[in-house]
Structures are given as structure tokens and as C-alpha cells.
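Engineer: Here you go, one structure.
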Amino acid sequence: MKKNLVLIGMMGSGKSTIGRILANKTKLKFLDTDKLIENENNLKITEIFKNKGENFFRNVEEKISVKALKTSKNVIALGGGAFLNDRIRNELKVQSISIWLKWSPNILIKRIYKNKTRPIANELKVDELEDLIEKRSKIYAKADYKINCDKLNKNKIINKILDIYENERNISKN
Ligand code: S3P
């Protein structure tokens with residue numbers, strides 16, 4: 001199967017950690033679009049936001065994410081805002097399987113505040129973050145698959161994704 005396995009969802013949902021392990025288990029390559037953006041600009045995401053602004057970041061994010069999605073047979077972790085972009089979502093339909101790692105807002109909010117490297121989250125108060133999660137969730141719901149992660153440990157989440165991958169491989173053989 002040529003398709004990419006693409007993890008989407010809010011910051012703090014574990015896309016990068018889970019993506020890396022999944023890539024090992026499936027022997028696929030792992031692409032993390034935030035890392036690709038940092039490498040191309042030689043700057044950390046926080047610095048890109050601070051020095052060049054969010055618009056600049058979103059443009060680079062679109063370019064890099066679309067390019068990553070044109071490859072095949074990779075595990076890809078998309079940045080939390082990428083799935084909101086129409087061009088990125090359209091590219092995802094071509095040869096990717098999108099999986100939303102869904103968590104309750106209270107769990108996400110705790111995780112997001114723990115990590116100070118996220119420019120957007122650092123500027124938002126709890127109620128603003130709740131609004132953002134609610135708004136984005138309506139769009140994340142367009143993903144091909146959704147995993148309710150609240151009651152699952154990392155291994156269980158990974159096993160669910162592996163099941164999806166196996167199913168998709170079987171479908172593409174028929
Ligand atoms: C963002 C999420 C971040 C990163 C940037 C903006 C967002 O990615 O792309 O800080 O808008 O949600 P992660 O979801 O990998 O943290």
C-alpha cells in the first residue's frame with residue numbers, strides 16, 4: 001500500500017511520540033512537519049512565530065505539509081493547525097489515511113501548559129484554549145479515523161492505529 005499514515009490533532013496529543021514509534025513498528029519512514037519547518041528555516045517554531053509572525057509560519061506550513069503529503073508510505077505527524085488548511089486537507093485525500101488523536105479538552109489543556117515551547121498555547125487563557133479546541137475539533141472530525149485516547153495508554157493507541165493500517169492494507173489488496 002502506497003498510502004501515508006497521517007496523525008492529526010491538537011498540540012499535546014502525542015502525534016510526534018506516537019508517530020515515531022509507529023514508524024519503527026511498520027518500518028515506514030517518519031516525517032514530522034514541525035521539524036521539517038524548523039530545519040528549512042534554521043529556526044525553532046517559537047522563533048519563527050516571534051521573528052516572522054504566524055502568517056509566515058502558516059505559509060511555510062502549507063508548503064512543507066503539502067510536499068510531505070505528496071510522498072508515499074510514510075508516517076507523518078502534522079502540526080496542530082495544519083489540518084485547518086484546505087489545501088493540506090485536499091492533499092490528504094490523495095494518498096493518505098488521516099487519524100485524529102482525540103482527547104478531552106481538560107487533558108489537552110494540562111499537557112499544553114506543561115510545555116512552554118508552543119507559541120499559540122502560551123498566549124491563550126484556559127477559556128480561549130477551550131474555544132480553540134472546540135472550534136478545531138469540528139474540523140478534525142473530518143479525518144478518516146478518530147481514536148478516543150482518554151482511557152488508552154500509548155501502546156493501546158498504537159495498536160489501534162496498527163489495526164487501521166492492516167485493514168487499509170487489506171482493502172487495497174482487494
Ligand atoms: C500549532 C501546533 C504546533 C506548531 C505550531 C502551531 C497549532 O504543532 O505547528 O506551534 O496551531 O496548533 P504541534 O501540534 O506538533 O505541537
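Each chain in the C-alpha cells gets a letter, A, B and so on, in the order shown; residues start at 1 in every chain, and ligands are counted from 1 in the order they appear.
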Pick out the residues no farther than 6 Å from ligand 1, counting only C-alpha atoms and all ligand atoms, and list them as a CSV table (one decimal) with C-alpha atoms, in the first residue's frame.
Structural biologist:
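This is the output file pocket_36.csv:
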chain,number,residue,atom,x,y,z
A,10,MET,CA,-4.2,19.3,18.9
A,11,MET,CA,-0.8,20.1,20.2
A,12,GLY,CA,-0.1,17.9,23.1
A,34,ASP,CA,7.2,20.9,12.5
A,79,GLY,CA,1.3,20.4,13.2
A,80,GLY,CA,-1.9,21.1,15.2
A,81,GLY,CA,-3.0,23.9,12.9
A,118,ARG,CA,4.2,26.2,21.9
A,119,PRO,CA,3.7,29.8,20.8
A,120,ILE,CA,-0.1,29.7,20.4
Engineer: For Asn155 (chain A), find every residue with an atom within 12 Å (counting only C-alpha atoms), except residues of its own chain fewer than 2 positions away, and show them as number ranges by chain.
Structural biologist: A: 17-19, 21-22, 25, 149, 151-153, 157-162
Engineer: Could you write out, as a PyMOL selection string, all the residues of chain A that DSSP marks as helix (DSSP H, G or I)?
Structural biologist: chain A and resi 15-26+33-41+45-52+54-69+82-84+86-95+105-114+119-123+126-140+154-173
Engineer: Please report, as a tab-separated table, each residue of region 139-169 of chain A lying at most 8 Å from region 98-111 of chain A, together with the nearest pair of atoms and the separation in Å rounded to one decimal; use only C-alpha atoms, and order rows by chain and ascending residue number.
Structural biologist:
residue	atom	partner	partner_atom	distance
A:Tyr140	CA	A:Trp100	CA	6.4
A:Ala141	CA	A:Trp100	CA	7.4
A:Ala143	CA	A:Ser98	CA	5.2
A:Asp144	CA	A:Ser98	CA	5.2
A:Tyr145	CA	A:Ile99	CA	4.7
A:Lys146	CA	A:Trp100	CA	4.7
A:Ile147	CA	A:Leu101	CA	5.3
A:Asn148	CA	A:Lys102	CA	5.1
A:Cys149	CA	A:Trp103	CA	5.5
A:Asp150	CA	A:Trp103	CA	5.5
A:Ile161	CA	A:Ile99	CA	7.9
Engineer: Hey, can you spit out that residue selection with N, CA, C and O atoms as a PDB file, in the first residue's frame?
Structural biologist:
ATOM      1  N   TYR A 140     -11.227  18.696  12.814  1.00  0.00           N
ATOM      2  CA  TYR A 140     -10.503  17.426  12.992  1.00  0.00           C
ATOM      3  C   TYR A 140     -11.432  16.235  12.735  1.00  0.00           C
ATOM      4  O   TYR A 140     -10.998  15.173  12.307  1.00  0.00           O
ATOM      5  N   ALA A 141     -12.732  16.450  13.013  1.00  0.00           N
ATOM      6  CA  ALA A 141     -13.703  15.350  12.845  1.00  0.00           C
ATOM      7  C   ALA A 141     -13.815  14.898  11.385  1.00  0.00           C
ATOM      8  O   ALA A 141     -14.394  13.854  11.103  1.00  0.00           O
ATOM      9  N   ALA A 143     -11.383  13.883   9.701  1.00  0.00           N
ATOM     10  CA  ALA A 143     -10.336  12.878   9.461  1.00  0.00           C
ATOM     11  C   ALA A 143     -10.975  11.537   9.103  1.00  0.00           C
ATOM     12  O   ALA A 143     -12.134  11.284   9.435  1.00  0.00           O
ATOM     13  N   ASP A 144     -10.217  10.674   8.442  1.00  0.00           N
ATOM     14  CA  ASP A 144     -10.744   9.353   8.060  1.00  0.00           C
ATOM     15  C   ASP A 144     -11.076   8.519   9.299  1.00  0.00           C
ATOM     16  O   ASP A 144     -12.025   7.755   9.301  1.00  0.00           O
ATOM     17  N   TYR A 145     -10.257   8.618  10.322  1.00  0.00           N
ATOM     18  CA  TYR A 145     -10.456   7.829  11.544  1.00  0.00           C
ATOM     19  C   TYR A 145     -10.276   8.718  12.765  1.00  0.00           C
ATOM     20  O   TYR A 145      -9.508   9.683  12.720  1.00  0.00           O
ATOM     21  N   LYS A 146     -10.952   8.321  13.848  1.00  0.00           N
ATOM     22  CA  LYS A 146     -10.793   9.046  15.112  1.00  0.00           C
ATOM     23  C   LYS A 146     -10.495   8.019  16.202  1.00  0.00           C
ATOM     24  O   LYS A 146     -11.139   6.963  16.256  1.00  0.00           O
ATOM     25  N   ILE A 147      -9.529   8.337  17.045  1.00  0.00           N
ATOM     26  CA  ILE A 147      -9.277   7.455  18.193  1.00  0.00           C
ATOM     27  C   ILE A 147      -9.542   8.253  19.469  1.00  0.00           C
ATOM     28  O   ILE A 147      -8.954   9.323  19.673  1.00  0.00           O
ATOM     29  N   ASN A 148     -10.454   7.760  20.299  1.00  0.00           N
ATOM     30  CA  ASN A 148     -10.693   8.394  21.600  1.00  0.00           C
ATOM     31  C   ASN A 148      -9.606   7.917  22.543  1.00  0.00           C
ATOM     32  O   ASN A 148      -9.590   6.755  22.957  1.00  0.00           O
ATOM     33  N   CYS A 149      -8.691   8.804  22.850  1.00  0.00           N
ATOM     34  CA  CYS A 149      -7.469   8.375  23.544  1.00  0.00           C
ATOM     35  C   CYS A 149      -7.556   8.422  25.071  1.00  0.00           C
ATOM     36  O   CYS A 149      -6.710   7.833  25.748  1.00  0.00           O
ATOM     37  N   ASP A 150      -8.560   9.108  25.620  1.00  0.00           N
ATOM     38  CA  ASP A 150      -8.603   9.376  27.070  1.00  0.00           C
ATOM     39  C   ASP A 150      -8.288   8.166  27.947  1.00  0.00           C
ATOM     40  O   ASP A 150      -7.563   8.260  28.920  1.00  0.00           O
ATOM     41  N   ILE A 161      -3.950   2.064  15.894  1.00  0.00           N
ATOM     42  CA  ILE A 161      -3.504   2.607  14.597  1.00  0.00           C
ATOM     43  C   ILE A 161      -2.973   1.469  13.710  1.00  0.00           C
ATOM     44  O   ILE A 161      -3.222   1.436  12.504  1.00  0.00           O
TER      45      ILE A 161
END
